[in-house]
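Reading through the structure tokens given below for one structure.
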Amino acid sequence: MEDSSDRKPEDQVTRRDFLSIGGTGAAALGAGLLLGGSARNAHAAPPAPPGNAAGWPKEFRPHSAHPVYPPREAPRTGEKVHEFDIELGISVHEIVPGVKVHAFTYNGTYPGPEIRVPEGDWVLVNFKNRTSELHTIHWHGIILACEMDGVPNGTQWGVGPGQTFKYLFRAQPVGTHFYHCHNMTTLHVQAGMFGALIVEPKDDPIRRAFPYEREYTLLLSEIDTTMVERQMEEMMKSMGAMEKMHERPETMKEMNGRMMGWFADKAAFRAAVASGYVPPYVTSMRGHSRFPNFNFFMINGKSYPMTDELHIRSGENIRVRLIGAGAMPHYMHLHGHDFWHVAQDGHPLPAPIRLNTVPVFPGTTTDIVIQGTNPGMWHFHDHSDLSSTNNGIFPGGMMTMLMYEDSAAHGVKIPGIVQVNS
Amino acid sequence: MEDSSDRKPEDQVTRRDFLSIGGTGAAALGAGLLLGGSARNAHAAPPAPPGNAAGWPKEFRPHSAHPVYPPREAPRTGEKVHEFDIELGISVHEIVPGVKVHAFTYNGTYPGPEIRVPEGDWVLVNFKNRTSELHTIHWHGIILACEMDGVPNGTQWGVGPGQTFKYLFRAQPVGTHFYHCHNMTTLHVQAGMFGALIVEPKDDPIRRAFPYEREYTLLLSEIDTTMVERQMEEMMKSMGAMEKMHERPETMKEMNGRMMGWFADKAAFRAAVASGYVPPYVTSMRGHSRFPNFNFFMINGKSYPMTDELHIRSGENIRVRLIGAGAMPHYMHLHGHDFWHVAQDGHPLPAPIRLNTVPVFPGTTTDIVIQGTNPGMWHFHDHSDLSSTNNGIFPGGMMTMLMYEDSAAHGVKIPGIVQVNS
Amino acid sequence: MEDSSDRKPEDQVTRRDFLSIGGTGAAALGAGLLLGGSARNAHAAPPAPPGNAAGWPKEFRPHSAHPVYPPREAPRTGEKVHEFDIELGISVHEIVPGVKVHAFTYNGTYPGPEIRVPEGDWVLVNFKNRTSELHTIHWHGIILACEMDGVPNGTQWGVGPGQTFKYLFRAQPVGTHFYHCHNMTTLHVQAGMFGALIVEPKDDPIRRAFPYEREYTLLLSEIDTTMVERQMEEMMKSMGAMEKMHERPETMKEMNGRMMGWFADKAAFRAAVASGYVPPYVTSMRGHSRFPNFNFFMINGKSYPMTDELHIRSGENIRVRLIGAGAMPHYMHLHGHDFWHVAQDGHPLPAPIRLNTVPVFPGTTTDIVIQGTNPGMWHFHDHSDLSSTNNGIFPGGMMTMLMYEDSAAHGVKIPGIVQVNS
């Protein structure tokens with residue numbers, strides 16, 4: 001926290017700071033996409049270990065989690081930059097017929113578009129905020145410069161209404177990752193601000209072991225529709241006012257840190273409380289709980305029976321990328337098969353694990369390979385009965401099917417019913 | 001979904017379909033236990049991988065998760081068939097003294113009987129439903145023909161009052177599995193419809209590494225006694241009416257898909273909603289939540305202090321099969337010992353893991369080996385304090401003891417108190 | 001349960017038993033710190049396995065989870081004994097400014113002091129209870145004599161007001177462990193009765209593979225401040241009365257097992273219920289639920305923004321010991337890095353696993369190594385949005401930062417804001 005060492009405890013961060021630091025970030029990018037600093041030293045390797053330890057496999061290399069590319073470098077001539085425009089707006093999203101919510105959507109979809117780039121190439125995302133709230137994008141699992149990490153009031157300022165922030169980073173490490181808003185996350189992720197981010201390796205060891213042509217990305221998440229709808233409605237009511245404030249810098253300057261709950265450091269925060277400031281978490285102790293009470297459980301924004309099926313043929317391998325984008329663990333069970341759990345957080349496991357049910361935890365990604373060995377129709381669902389419901393009604397929620405396209409050729413007849421009661 | 005391709009979107013599944021398809025399944029079994037189809041092709045192996053990858057151990061064979069026996073074959077002359085009669089009825093089950101619920105019981109016990117069969121032999125289960133509700137049995141972890149998988153309205157029709165369904169499958173893969181109802185699972189599993197299913201290998205690598213004579217199976221689950229009791233009472237009140245309907249096919253014919261919430265496909269469902277059908281999950285948004293609020297946490301249907309102890313002697317190995325039969329994760333902690341986590345979902349792990357606390361997730365099975373190295377009495381319990389209570393009172397719930405039978409010989413005196421308050 | 005075999009089912013444990021058995025334990029320690037019994041036989045190894053199995057690594061040794069030192073031995077001349085005084089009192093603990101609770105504190109801190117001892121040395125803890133409730137200390141993960149295990153009414157009697165209990169055990173096995181009260185755990189752990197216990201190996205394989213100088217211990221837990229404050233207040237109101245009772249043995253003798261909910265065995269408990277005793281869990285079925293509804297999520301007793309940061313420099317390794325001391329799982333995510341998950345429950349994993357998010361389950365310990373490869377400021381937090389809040393307000397809870405001390409040298413400027421709203 002080098003730059004706050006000379007602040008007095010009673011200092012509070014003003015909106016002016018917010019604007020100027022935000023501007024610096026954008027300027028740096030404009031001035032040659034340079035992220036500053038002595039990049040080469042930044043990822044200096046720790047001293048080499050004196051040899052293998054703990055009985056760990058001979059192949060284990062402690063330094064193999066180091067970034068392949070220095071995270072603070074800027075693109076050089078000839079390096080490929082993939083540019084994406086992502087615009088955040090408000091859309092109406094249908095989870096299942098009869099259940100719609102107002103959502104924050106990246107380019108209009110819930111979840112946002114899948115971003116897929118080759119390892120080592122650059123990604124430039126022009127993130128435009130068309131809502132009245134502050135937002136960011138955090139690139140979950142990516143090793144990048146911390147100015148690009150997307151933590152509001154941490155490594156950048158929240159992107160305000162009408163503003164654009166340019167995220168620039170190299171695609172590393174390889175594997176299954178995701179992105180999501182890091183502001184008011186409890187609400188914003190429920191409201192739809194997440195999407196998949198796949199970094200494709202030049203030579204994929206998983207594909208070598210399990211040759212495959214088709215793959216699926218399944219973002220698992222939850223929503224409390226009552227909480228989201230109520231908070232989105234409140235926000236939309238005040239949108240005009242918020243936007244007017246953002247349009248008049250002189251008003252914004254008056255918004256100081258105390259009003260926003262921002263302080264220079266812990267001492268400043270403690271001093272404010274001592275002099276009468278009441279933090280919002282104290283106020284709410286007198287009111288109702290704001291904890292979400294999830295009632296819909298989704299795969300890619302949809303609940304059963306509206307989830308998309310996985311398709312396979314006998315003799316085929318498919319890869320399924322499971323992403324824990326929400327706040328709860330889920331336990332994905334496949335009927336009639338064992339599958340291989342091959343990677344976690346993007347990285348191949350030390351050895352694949354044979355399972356029929358794999359837990360997917362919040363913030364983790366889990367890759368599995370399903371082998372087409374048993375033609376038919378097979379349920380693939382969260383085995384927690386809490387999450388295989390729609391608003392408490394079974395069946396529903398985080399459930400889909402593995403469908404064999406060659407079932408008929410193997411004499412398998414499938415009723416093919418869609419069911420919303422039991 | 002080959003057999004529904006010619007249906008019009010507005011089609012709805014009628015009760016007639018239900019009866020006729022149900023009948024076909026039984027007929028096929030009668031006609032020589034043949035499951036149909038070109039079985040040999042069904043489990044064709046994917047192309048062999050071009051070599052080891054990802055630094056994975058040399059011994060890793062991607063195809064080792066393939067079924068050993070073709071899942072769609074029928075028994076041949078000379079192959080052994082183990083026949084079981086399982087009758088579903090309603091019993092009163094006591095969780096702890098003073099707390100009883102009406103339960104759905106397989107052959108009168110909560111949980112149902114453990115089924116244990118040698119690998120590769122056949123299992124024939126005559127499942128008779130003596131209740132007024134629809135039920136099935138799903139064979140969790142078993143690789144079988146999808147007609148035998150037990151998903152209502154998916155791979156079979158729910159087994160109605162008085163009906164018998166014959167489940168036939170080969171016992172594979174080896175290891176710890178379980179069975180449970182797959183209809184209205186949120187309620188039916190709480191109400192007792194689950195049991196262990198162990199497939200014994202010809203040559204058990206775990207037993208070779210850890211010679212053992214005694215083993216224990218612990219089914220972990222939860223119950224909201226208020227929810228179960230209320231719903232079971234409602235059901236029992238309407239039992240006469242339901243049974244009368246099932247006895248009069250002409251009435252049943254009038255029950256169509258809309259009433260039951262069944263539709264031919266997503267388009268049919270969406271069309272119904274467009275024309276005024278209100279799915280049950282929408283209705284309940286106006287009422288109270290039906291989510292269970294678990295208040296008892298059980299090992300084999302009992303809560304502490306009524307759980308059964310595990311017994312061991314110094315120098316002995318015991319194997320404990322932990323089955324996540326409920327909807328919540330549990331974290332089983334053993335005092336005074338480390339144990340080995342040896343298998344997951346029936347399969348030996350790539351390497352055993354030394355632990356004192358092992359998570360057991362919904363839908364998973366976890367085998368551990370405890371070595372008798374420390375005589376005395378040792379608690380073995382879920383380390384989440386939420387689950388070591390009875391209706392909120394500590395101690396209780398998912399807790400038992402590891403008792404050394406030779407404690408006295410080692411000078412260990414144990415008070416042996418049973419406690420229901422603290 | 002040797003000493004209860006001659007009890008009649010209707011027997012109930014009287015307070016006299018409690019006092020006399022408690023006294024015996026202390027006397028034994030006084031009389032030469034002898035734990036009794038034929039210690040050498042107690043940890044007899046099971047028969048050697050006939051060879052490696054299950055394709056498990058050649059290095060796998062089934063007996064390597066056996067205790068290195070016989071758990072029932074007493075210290076011998078020349079062996080080192082580390083003596084600690086731990087006094088339990090009541091303190092006011094501040095979670096974040098504006099939120100204070102009455103807490104049970106070991107030596108005045110929430111959590112208690114970290115105990116760190118070399119492998120194989122002895123630990124002697126003089127545990128003095130200065131509150132009006134019964135308490136114990138359970139040494140979670142330690143392989144010791146069961147009289148020292150700290151389970152009230154199981155392996156010892158609860159330590160009463162003003163009493164001192166001497167815990168004596170050898171420090172084994174090596175690694176990250178913890179200690180906590182095992183009486184009324186649901187309340188007492190929330191109220192602060194837990195602390196870290198580190199057993200340092202003579203030769204640390206993790207340190208050999210990842211040379212490090214600095215390490216951090218992070219105890220993760222939760223609290224329902226309303227529940228704790230209400231129950232602590234009730235307790236403090238009745239403190240005078242309780243202490244007076246403890247001072248007058250003739251009153252205590254009248255307190256029998258039925259009043260305390262203690263019974264000789266299951267049959268005695270069942271008989272008491274049959275003759276009219278109403279267990280407390282039945283009573284509460286008529287009242288409100290006592291389940292905690294956690295509203296603060298803590299690292300070492302503090303919530304963001306008051307959590308302590310982790311410090312690192314480029315090129316440095318740090319070790320972080322994560323301890324699941326509470327009742328919920330947490331999913332610790334580090335921004336901008338992959339780290340190595342190296343140990344679980346104290347033991348090196350068969351192979352380290354590369355992750356950016358590691359689950360920490362109740363009752364488990366998880367060691368990770370972070371390598372200083374990316375200068376800046378990086379969030380490290382539970383990725384479940386439920387636990388990154390203070391009383392429902394984001395940001396807060398189980399969140400801290402990884403701070404590079406050499407950020408400035410690498411050109412990284414960090415705003416350094418403390419934020420309690422968004």
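Please note that chains go A, B, ... in the order of the structure tokens, that every chain numbers its residues from 1, and that ligands are numbered from 1 in the order shown.
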Could you pull out all residues of range 54-181 of chain A with a DSSP call of strand (DSSP E or B) and give them as a JSON list (two decimals) with N, CA and C atoms, in the first residue's frame?
```json
[["chain", "number", "residue", "atom", "x", "y", "z"],
["A", 81, "VAL", "N", -3.42, -9.66, -31.09],
["A", 81, "VAL", "CA", -4.35, -9.10, -30.10],
["A", 81, "VAL", "C", -5.78, -9.38, -30.57],
["A", 82, "HIS", "N", -6.55, -10.10, -29.74],
["A", 82, "HIS", "CA", -7.96, -10.38, -30.06],
["A", 82, "HIS", "C", -8.80, -9.31, -29.37],
["A", 83, "GLU", "N", -9.55, -8.54, -30.13],
["A", 83, "GLU", "CA", -10.32, -7.45, -29.54],
["A", 83, "GLU", "C", -11.79, -7.82, -29.44],
["A", 84, "PHE", "N", -12.36, -7.56, -28.27],
["A", 84, "PHE", "CA", -13.78, -7.86, -28.04],
["A", 84, "PHE", "C", -14.47, -6.61, -27.51],
["A", 85, "ASP", "N", -15.66, -6.34, -27.98],
["A", 85, "ASP", "CA", -16.49, -5.29, -27.40],
["A", 85, "ASP", "C", -17.54, -5.93, -26.50],
["A", 86, "ILE", "N", -17.54, -5.55, -25.25],
["A", 86, "ILE", "CA", -18.57, -6.07, -24.34],
["A", 86, "ILE", "C", -19.32, -4.89, -23.76],
["A", 87, "GLU", "N", -20.61, -4.89, -24.00],
["A", 87, "GLU", "CA", -21.45, -3.81, -23.53],
["A", 87, "GLU", "C", -22.39, -4.34, -22.47],
["A", 88, "LEU", "N", -22.43, -3.66, -21.35],
["A", 88, "LEU", "CA", -23.31, -4.11, -20.27],
["A", 88, "LEU", "C", -24.61, -3.33, -20.31],
["A", 89, "GLY", "N", -25.72, -4.07, -20.40],
["A", 89, "GLY", "CA", -27.03, -3.43, -20.39],
["A", 89, "GLY", "C", -27.99, -4.19, -19.49],
["A", 90, "ILE", "N", -29.23, -3.80, -19.57],
["A", 90, "ILE", "CA", -30.27, -4.49, -18.80],
["A", 90, "ILE", "C", -31.20, -5.20, -19.76],
["A", 91, "SER", "N", -31.42, -6.49, -19.54],
["A", 91, "SER", "CA", -32.32, -7.28, -20.39],
["A", 91, "SER", "C", -33.29, -8.03, -19.51],
["A", 92, "VAL", "N", -34.34, -8.51, -20.12],
["A", 92, "VAL", "CA", -35.25, -9.42, -19.43],
["A", 92, "VAL", "C", -34.83, -10.84, -19.78],
["A", 93, "HIS", "N", -34.55, -11.64, -18.75],
["A", 93, "HIS", "CA", -34.08, -13.00, -18.98],
["A", 93, "HIS", "C", -35.10, -14.00, -18.47],
["A", 94, "GLU", "N", -35.40, -14.99, -19.31],
["A", 94, "GLU", "CA", -36.34, -16.04, -18.90],
["A", 94, "GLU", "C", -35.57, -17.28, -18.45],
["A", 95, "ILE", "N", -35.77, -17.69, -17.20],
["A", 95, "ILE", "CA", -35.10, -18.87, -16.66],
["A", 95, "ILE", "C", -35.83, -20.12, -17.10],
["A", 96, "VAL", "N", -37.13, -20.12, -16.91],
["A", 96, "VAL", "CA", -38.03, -21.16, -17.42],
["A", 96, "VAL", "C", -39.31, -20.41, -17.80],
["A", 99, "VAL", "N", -41.09, -17.54, -15.67],
["A", 99, "VAL", "CA", -40.20, -16.93, -14.68],
["A", 99, "VAL", "C", -39.17, -16.06, -15.40],
["A", 100, "LYS", "N", -39.35, -14.76, -15.30],
["A", 100, "LYS", "CA", -38.45, -13.82, -15.94],
["A", 100, "LYS", "C", -37.91, -12.86, -14.91],
["A", 101, "VAL", "N", -36.68, -12.42, -15.10],
["A", 101, "VAL", "CA", -36.10, -11.41, -14.22],
["A", 101, "VAL", "C", -35.41, -10.34, -15.07],
["A", 102, "HIS", "N", -35.29, -9.15, -14.50],
["A", 102, "HIS", "CA", -34.42, -8.15, -15.09],
["A", 102, "HIS", "C", -32.99, -8.54, -14.78],
["A", 103, "ALA", "N", -32.15, -8.51, -15.79],
["A", 103, "ALA", "CA", -30.78, -8.99, -15.62],
["A", 103, "ALA", "C", -29.79, -7.96, -16.15],
["A", 104, "PHE", "N", -28.58, -7.99, -15.56],
["A", 104, "PHE", "CA", -27.45, -7.27, -16.13],
["A", 104, "PHE", "C", -26.81, -8.19, -17.15],
["A", 105, "THR", "N", -26.79, -7.81, -18.39],
["A", 105, "THR", "CA", -26.28, -8.73, -19.41],
["A", 105, "THR", "C", -25.10, -8.14, -20.17],
["A", 106, "TYR", "N", -24.07, -8.96, -20.33],
["A", 106, "TYR", "CA", -22.95, -8.64, -21.20],
["A", 106, "TYR", "C", -23.40, -8.94, -22.63],
["A", 109, "THR", "N", -26.84, -11.25, -23.33],
["A", 109, "THR", "CA", -27.13, -12.65, -23.00],
["A", 109, "THR", "C", -26.81, -12.96, -21.54],
["A", 115, "ILE", "N", -15.69, -16.41, -24.27],
["A", 115, "ILE", "CA", -14.48, -15.88, -24.91],
["A", 115, "ILE", "C", -13.49, -17.03, -25.01],
["A", 116, "ARG", "N", -12.95, -17.24, -26.20],
["A", 116, "ARG", "CA", -12.06, -18.38, -26.42],
["A", 116, "ARG", "C", -10.86, -17.90, -27.22],
["A", 117, "VAL", "N", -9.69, -18.00, -26.65],
["A", 117, "VAL", "CA", -8.49, -17.46, -27.30],
["A", 117, "VAL", "C", -7.32, -18.44, -27.17],
["A", 118, "PRO", "N", -6.40, -18.40, -28.13],
["A", 118, "PRO", "CA", -5.22, -19.28, -28.03],
["A", 118, "PRO", "C", -4.25, -18.77, -26.96],
["A", 122, "TRP", "N", -2.95, -12.01, -27.08],
["A", 122, "TRP", "CA", -3.46, -10.95, -26.23],
["A", 122, "TRP", "C", -4.97, -10.81, -26.37],
["A", 123, "VAL", "N", -5.59, -10.38, -25.28],
["A", 123, "VAL", "CA", -7.03, -10.13, -25.28],
["A", 123, "VAL", "C", -7.24, -8.66, -24.92],
["A", 124, "LEU", "N", -7.97, -7.96, -25.77],
["A", 124, "LEU", "CA", -8.33, -6.57, -25.48],
["A", 124, "LEU", "C", -9.85, -6.49, -25.44],
["A", 125, "VAL", "N", -10.39, -6.15, -24.27],
["A", 125, "VAL", "CA", -11.84, -6.08, -24.12],
["A", 125, "VAL", "C", -12.23, -4.63, -23.87],
["A", 126, "ASN", "N", -13.05, -4.09, -24.75],
["A", 126, "ASN", "CA", -13.60, -2.75, -24.55],
["A", 126, "ASN", "C", -14.92, -2.92, -23.80],
["A", 127, "PHE", "N", -14.86, -2.65, -22.50],
["A", 127, "PHE", "CA", -16.03, -2.88, -21.65],
["A", 127, "PHE", "C", -16.79, -1.59, -21.45],
["A", 128, "LYS", "N", -17.95, -1.50, -22.04],
["A", 128, "LYS", "CA", -18.77, -0.29, -21.95],
["A", 128, "LYS", "C", -19.95, -0.54, -21.03],
["A", 129, "ASN", "N", -20.12, 0.34, -20.05],
["A", 129, "ASN", "CA", -21.18, 0.21, -19.05],
["A", 129, "ASN", "C", -22.37, 1.08, -19.43],
["A", 135, "HIS", "N", -19.54, -1.10, -12.28],
["A", 135, "HIS", "CA", -19.24, -2.50, -12.58],
["A", 135, "HIS", "C", -17.77, -2.66, -12.95],
["A", 138, "HIS", "N", -13.78, -9.08, -13.64],
["A", 138, "HIS", "CA", -12.64, -9.82, -13.09],
["A", 138, "HIS", "C", -12.40, -11.05, -13.95],
["A", 139, "TRP", "N", -11.14, -11.27, -14.31],
["A", 139, "TRP", "CA", -10.76, -12.38, -15.19],
["A", 139, "TRP", "C", -10.26, -13.51, -14.31],
["A", 140, "HIS", "N", -11.17, -14.33, -13.91],
["A", 140, "HIS", "CA", -10.96, -15.33, -12.87],
["A", 140, "HIS", "C", -10.06, -16.47, -13.38],
["A", 152, "PRO", "N", -12.95, -3.57, -8.02],
["A", 152, "PRO", "CA", -13.28, -2.15, -7.84],
["A", 152, "PRO", "C", -12.70, -1.62, -6.54],
["A", 156, "GLN", "N", -8.62, -1.19, -9.57],
["A", 156, "GLN", "CA", -9.13, -0.19, -10.52],
["A", 156, "GLN", "C", -10.33, 0.47, -9.85],
["A", 159, "VAL", "N", -16.25, 0.92, -13.05],
["A", 159, "VAL", "CA", -16.55, 1.57, -14.32],
["A", 159, "VAL", "C", -17.95, 2.16, -14.21],
["A", 164, "THR", "N", -16.14, 3.57, -20.49],
["A", 164, "THR", "CA", -15.55, 2.38, -21.11],
["A", 164, "THR", "C", -14.21, 2.10, -20.45],
["A", 165, "PHE", "N", -13.97, 0.87, -20.12],
["A", 165, "PHE", "CA", -12.66, 0.47, -19.59],
["A", 165, "PHE", "C", -12.08, -0.56, -20.54],
["A", 166, "LYS", "N", -10.77, -0.39, -20.81],
["A", 166, "LYS", "CA", -10.11, -1.33, -21.73],
["A", 166, "LYS", "C", -9.31, -2.34, -20.91],
["A", 167, "TYR", "N", -9.72, -3.58, -20.96],
["A", 167, "TYR", "CA", -8.97, -4.65, -20.29],
["A", 167, "TYR", "C", -8.02, -5.27, -21.31],
["A", 168, "LEU", "N", -6.75, -5.35, -20.92],
["A", 168, "LEU", "CA", -5.75, -5.92, -21.81],
["A", 168, "LEU", "C", -4.92, -6.93, -21.04],
["A", 169, "PHE", "N", -4.86, -8.14, -21.54],
["A", 169, "PHE", "CA", -4.05, -9.17, -20.86],
["A", 169, "PHE", "C", -3.71, -10.29, -21.85],
["A", 170, "ARG", "N", -2.67, -11.01, -21.47],
["A", 170, "ARG", "CA", -2.29, -12.15, -22.27],
["A", 170, "ARG", "C", -3.08, -13.37, -21.82],
["A", 175, "GLY", "N", -6.49, -23.40, -20.28],
["A", 175, "GLY", "CA", -7.55, -24.14, -19.59],
["A", 175, "GLY", "C", -8.85, -23.38, -19.44],
["A", 176, "THR", "N", -9.71, -23.90, -18.58],
["A", 176, "THR", "CA", -11.06, -23.39, -18.39],
["A", 176, "THR", "C", -11.07, -22.33, -17.31],
["A", 177, "HIS", "N", -11.45, -21.13, -17.65],
["A", 177, "HIS", "CA", -11.57, -20.03, -16.69],
["A", 177, "HIS", "C", -12.92, -19.35, -16.89],
["A", 178, "PHE", "N", -13.13, -18.25, -16.17],
["A", 178, "PHE", "CA", -14.35, -17.48, -16.43],
["A", 178, "PHE", "C", -14.16, -16.03, -16.06],
["A", 179, "TYR", "N", -15.16, -15.22, -16.32],
["A", 179, "TYR", "CA", -15.09, -13.80, -15.97],
["A", 179, "TYR", "C", -16.40, -13.43, -15.30],
["A", 180, "HIS", "N", -16.33, -12.42, -14.45],
["A", 180, "HIS", "CA", -17.55, -11.98, -13.77],
["A", 180, "HIS", "C", -17.33, -10.59, -13.19]]
```
Item to check | Test item: residues at most 12 Å from Arg230 in chain C, only C-alpha atoms, excluding those fewer than 6 positions along its chain, as a count of residues only | outcome: 10
I want to know what sits within 9 Å of Pro395 in chain B, based on only C-alpha atoms, with residues of the same chain fewer than 4 positions away left out; could you give that as a PDB file with N, CA and C atoms, in the first residue's frame?
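Written file, out21.pdb:
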```pdb
ATOM      1  N   TYR B 304     -27.409 -39.577  16.545  1.00  0.00           N
ATOM      2  CA  TYR B 304     -26.794 -39.767  17.846  1.00  0.00           C
ATOM      3  C   TYR B 304     -27.803 -39.375  18.929  1.00  0.00           C
ATOM      4  N   PRO B 305     -27.954 -40.087  20.027  1.00  0.00           N
ATOM      5  CA  PRO B 305     -27.083 -41.185  20.461  1.00  0.00           C
ATOM      6  C   PRO B 305     -27.509 -42.567  19.980  1.00  0.00           C
ATOM      7  N   SER B 388     -24.257 -31.910  13.832  1.00  0.00           N
ATOM      8  CA  SER B 388     -24.024 -32.710  15.040  1.00  0.00           C
ATOM      9  C   SER B 388     -25.012 -32.279  16.122  1.00  0.00           C
ATOM     10  N   THR B 389     -26.242 -32.054  15.673  1.00  0.00           N
ATOM     11  CA  THR B 389     -27.320 -31.619  16.561  1.00  0.00           C
ATOM     12  C   THR B 389     -28.573 -32.432  16.257  1.00  0.00           C
ATOM     13  N   ASN B 390     -29.463 -32.488  17.223  1.00  0.00           N
ATOM     14  CA  ASN B 390     -30.813 -33.007  17.025  1.00  0.00           C
ATOM     15  C   ASN B 390     -31.779 -31.838  17.182  1.00  0.00           C
ATOM     16  N   MET B 399     -23.218 -38.560  14.211  1.00  0.00           N
ATOM     17  CA  MET B 399     -22.126 -38.802  15.135  1.00  0.00           C
ATOM     18  C   MET B 399     -22.188 -40.250  15.617  1.00  0.00           C
ATOM     19  N   GLN B 419     -25.478 -38.967  25.995  1.00  0.00           N
ATOM     20  CA  GLN B 419     -25.767 -37.594  26.356  1.00  0.00           C
ATOM     21  C   GLN B 419     -26.680 -36.960  25.311  1.00  0.00           C
ATOM     22  N   VAL B 420     -27.720 -36.270  25.759  1.00  0.00           N
ATOM     23  CA  VAL B 420     -28.614 -35.606  24.813  1.00  0.00           C
ATOM     24  C   VAL B 420     -28.775 -34.120  25.104  1.00  0.00           C
ATOM     25  N   ASN B 421     -27.894 -33.602  25.948  1.00  0.00           N
ATOM     26  CA  ASN B 421     -27.925 -32.194  26.260  1.00  0.00           C
ATOM     27  C   ASN B 421     -26.498 -31.798  26.598  1.00  0.00           C
ATOM     28  N   SER B 422     -26.248 -30.534  26.786  1.00  0.00           N
ATOM     29  CA  SER B 422     -24.879 -30.142  27.160  1.00  0.00           C
ATOM     30  C   SER B 422     -24.912 -28.772  27.800  1.00  0.00           C
TER      31      SER B 422
ATOM     32  N   ASN C 183     -17.500 -29.147  23.867  1.00  0.00           N
ATOM     33  CA  ASN C 183     -18.772 -29.111  24.588  1.00  0.00           C
ATOM     34  C   ASN C 183     -19.646 -28.016  23.996  1.00  0.00           C
ATOM     35  N   MET C 184     -20.918 -28.328  23.771  1.00  0.00           N
ATOM     36  CA  MET C 184     -21.834 -27.344  23.150  1.00  0.00           C
ATOM     37  C   MET C 184     -21.137 -26.670  21.983  1.00  0.00           C
ATOM     38  N   THR C 185     -20.549 -27.487  21.127  1.00  0.00           N
ATOM     39  CA  THR C 185     -19.662 -26.971  20.085  1.00  0.00           C
ATOM     40  C   THR C 185     -20.338 -25.945  19.195  1.00  0.00           C
ATOM     41  N   THR C 186     -21.598 -26.156  18.876  1.00  0.00           N
ATOM     42  CA  THR C 186     -22.301 -25.233  17.981  1.00  0.00           C
ATOM     43  C   THR C 186     -22.186 -23.802  18.500  1.00  0.00           C
TER      44      THR C 186
END
```
Checklist entry - Can you tell me, as an MDAnalysis selection string, what residues are no more than 12 Å from Ile143 in chain B when counting only C-alpha atoms, ignoring any on the same chain fewer than 2 positions away? => result (chainID A and resid 334:339 356 373:376 378) or (chainID B and resid 43 65:73 119:120 138:141 145:149 168:174 177 199)
Checklist entry - Which residue gives the smallest distance to chain B among C:Pro280, C:Pro352, C:Pro113, C:Gly162, with only C-alpha atoms counted? => result C:Pro280
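Straight-line separation from CA of Gly78 in chain B to CA of Lys202 in chain B: 17.8 Å.
Of the listed residues (A:Ala327, A:Ile299, A:Met235, A:Val360), A:Ala327 comes nearest to chain C; the distances count only C-alpha atoms.
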Checklist entry - For chain C, which residues have at least one atom within 7 Å of chain A, if we go by only C-alpha atoms? Write them as a VMD selection string, please. => result chain C and resid 97 to 98 205 to 206 208 to 211 306 314 to 317 331 333 335 to 339 348 350 to 351 353 to 357 373 to 377 383 to 386 390 to 394 408 410 to 422
Next on the checklist: Residues of range 77-273 of chain C classed as helix (DSSP H, G or I) by DSSP on the backbone are to be reported as a PyMOL selection string.
Outcome noted: chain C and resi 146-148+185-190+205-209+225-237+239-247+249-254+257-260+266-273
